[in-house]
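Working notes for the structure below.
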Amino acid sequence: MAAHRIDSSGRLDVPGGWTTQRWTEVFTAQAEMFRAAVGKADPTAKVPSCPGWTFTDLTLHVGRFLETSLEYLRTGSPVQLRLPRPPAEVEPLAYLDTQLAKAAELLPAVPGNRATWTFSPAAPDLAWVWHRRLAHELDLRRWDAQAALRELVVGDADFAVDGIDEALTTLLAAKYATDVPPTTRGTALVQLTDVPEAWVVTFAPGVVPEVRAAWPGEETDLQVTGEAQLVHYGLWGRLPLKHTGDERVWFALKLD
């Protein structure tokens, strides 16, 4: 598992080369693809990977996500913020464009080691957590939009590995810290087949999951295997994901 380091310039650096600069570059590319997709779509068309949502809903969701997330980078707030919702008459694409412009200004300017509130008990209260989350959220929503248009672009395996690591080490803890704590007890192995990374997640009632690197030949209650791209989107319920073992642990592991 990657150990996070921050260099003298304030950039987050992890084994594998991930930095706040790289996340910002990925965010920019994903945001451009997302904007192009929602800009050409019928606003009333359904988004199958987000049941009940139209393209209008998807556009507003991303705009709202950006507005809220970027406020932590802008202010360095040490506490969770409660921002007012956008007015009902807001024009979705104009709202999105305003937030994308803010992101283009803030993401390169804020160092990864700036203190700010973050959303997970398993993450440090540092800005790089938001750089990472913003990149992966825009990637997921770009996938939703492109899949609905049947114009899906294949992503990058290295970025998918980072997304799996974020999902398991940060987002699962956030899920169970804010929702009902898990009642499942058991272990899950997430093993990638195209790269050597593997994780073990341990669930116990009433506590956030524990995550560590897998040991060679380790036996667990649930086994999830696949290429990095498939596992990444599969954990979010976007693609079918091969798994064997305890279905209760599988249900606890999923993020969708």
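Residue names in the structure tokens use chain letters A, B, ... in the order shown, residue numbers from 1 in each chain, and ligand numbers from 1 in the order shown.
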
**Contacts of Thr28 (chain A) at 9 Å (only C-alpha atoms; same-chain gap of 6+ positions) as an MDAnalysis selection string** = chainID A and resid 100 103:104 135 138

**Request:** Based on DSSP run over this structure's backbone, return all residues of region 1-192 of chain A in strand (DSSP E), as a PyMOL selection string.
**Result:** chain A and resi 5-6+12-13+186-192

**Prompt:** Can you list every residue in region 87-225 of chain A that DSSP puts in alpha helix (DSSP H), as a ChimeraX atom specification?
**Reply:** /A:92-109,128-149,157-166,172-178

**Request:** Just the residues within 12 Å of Leu96 (chain A), please, counting only C-alpha atoms, with nothing from its chain fewer than 5 positions along; format it as a PyMOL selection string.
**Result:** chain A and resi 31-32+34-36+38-39+56-67+86+90-91+101-103+138

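Between Thr244 (chain A) and the residues A:Trp143, A:Thr220, A:Ala41, A:Pro84, the shortest atom-to-atom distance, using only C-alpha atoms, involves A:Thr220.
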
Region 49-146 of chain A near region 174-180 of chain A within 7 Å: what's each residue's closest atom pair and its distance in Å to one decimal, counting only C-alpha atoms, ordered by chain then ascending residue number, as a Markdown table?
```
| residue | atom | partner | partner_atom | distance |
| --- | --- | --- | --- | --- |
| A:Phe119 | CA | A:Ala174 | CA | 6.3 |
| A:Ser120 | CA | A:Ala174 | CA | 4.4 |
| A:Pro121 | CA | A:Ala174 | CA | 6.4 |
```

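The spacing separating CA of Glu227 (chain A) from CA of Trp215 (chain A) amounts to 18.8 Å.
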
**Asked** Any idea what's packed within 12 Å of Met33 (chain A), counting only C-alpha atoms, ignoring anything in its chain fewer than 2 positions away? Could you give it as a PyMOL selection string?
**Response** chain A and resi 26-31+35-40+138-147+151-155

Can I get the selected residues back with C-alpha atoms, as an mmCIF file, in the first residue's frame?
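The resulting result_31.cif:
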```
data_model
loop_
_atom_site.group_PDB
_atom_site.id
_atom_site.type_symbol
_atom_site.label_atom_id
_atom_site.label_comp_id
_atom_site.auth_asym_id
_atom_site.auth_seq_id
_atom_site.Cartn_x
_atom_site.Cartn_y
_atom_site.Cartn_z
ATOM 1 C CA VAL A 26 -6.379 14.174 -14.578
ATOM 2 C CA PHE A 27 -9.202 16.279 -13.165
ATOM 3 C CA THR A 28 -8.829 18.750 -16.032
ATOM 4 C CA ALA A 29 -9.004 16.002 -18.660
ATOM 5 C CA GLN A 30 -11.979 14.288 -17.002
ATOM 6 C CA ALA A 31 -13.797 17.602 -16.538
ATOM 7 C CA ARG A 35 -18.532 18.923 -19.956
ATOM 8 C CA ALA A 36 -18.507 17.826 -23.586
ATOM 9 C CA ALA A 37 -20.809 14.885 -22.845
ATOM 10 C CA VAL A 38 -23.419 16.781 -20.826
ATOM 11 C CA GLY A 39 -23.250 19.684 -23.255
ATOM 12 C CA LYS A 40 -24.349 17.526 -26.192
ATOM 13 C CA LEU A 138 -15.108 13.671 -12.197
ATOM 14 C CA ASP A 139 -13.811 10.425 -13.673
ATOM 15 C CA LEU A 140 -16.810 8.492 -12.330
ATOM 16 C CA ARG A 141 -19.306 11.091 -13.538
ATOM 17 C CA ARG A 142 -17.574 11.307 -16.918
ATOM 18 C CA TRP A 143 -18.084 7.528 -17.117
ATOM 19 C CA ASP A 144 -21.783 7.925 -16.266
ATOM 20 C CA ALA A 145 -22.289 10.572 -18.951
ATOM 21 C CA GLN A 146 -20.310 8.841 -21.687
ATOM 22 C CA ALA A 147 -21.878 5.449 -20.971
ATOM 23 C CA GLU A 151 -19.424 7.019 -26.222
ATOM 24 C CA LEU A 152 -17.364 5.533 -23.404
ATOM 25 C CA VAL A 153 -13.630 6.283 -23.399
ATOM 26 C CA VAL A 154 -11.330 3.675 -21.829
ATOM 27 C CA GLY A 155 -9.475 5.025 -18.811
#
```

**Request:** May I have the residues within 12 Å of Leu230 (chain A) as an MDAnalysis selection string, using only C-alpha atoms and disregarding those fewer than 6 positions away in the same chain?
**Result:** chainID A and resid 154:157 160:161 163:164 190:194 224 236:243

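A straight line drawn from CA of Asp125 (chain A) to CA of Pro182 (chain A) is 23.8 Å long.
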
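Considering the residues A:Leu107, A:Asp42, A:Arg248, A:Thr118 and counting only C-alpha atoms, Val79 (chain A) has its shortest atom-to-atom contact with A:Thr118.
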
**Message:** Quick one: residues within 9 Å of Asp162 (chain A), only C-alpha atoms, excluding same-chain residues fewer than 3 positions away - as a list in words?
**Reply:** Trp18, Arg132, His136, Ala157, Asp158, Phe159, Asp165, Glu166, Ala167 and His232 of chain A

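With only C-alpha atoms as the atoms that count, the minimum distance from Gly186 (chain A) to the choices A:Gly217, A:Gly17, A:Val129, A:Ala252 is reached by A:Ala252.
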
**Distance criterion (only C-alpha atoms): nearest to Leu93 (chain A) out of A:Arg133, A:Phe55, A:Ala122, A:Trp199** = A:Phe55

**Message:** Need the shell around Leu81 (chain A): protein/DNA/RNA residues with any atom at most 12 Å away, counting only C-alpha atoms. Skip same-chain ones fewer than 6 positions apart. Format as a PyMOL selection string?
**Reply:** chain A and resi 67-73+75+116-119

**Asked** Looking at only C-alpha atoms, which of A:Ala115, A:Thr225, A:Leu168, A:Arg74 is the one that sits closest to Val201 (chain A)?
**Response** A:Leu168

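Each of A:Pro216, A:Pro78, A:Pro108, A:Pro51 was compared to Ala198 (chain A) using only C-alpha atoms, and A:Pro216 turns out to be the nearest.
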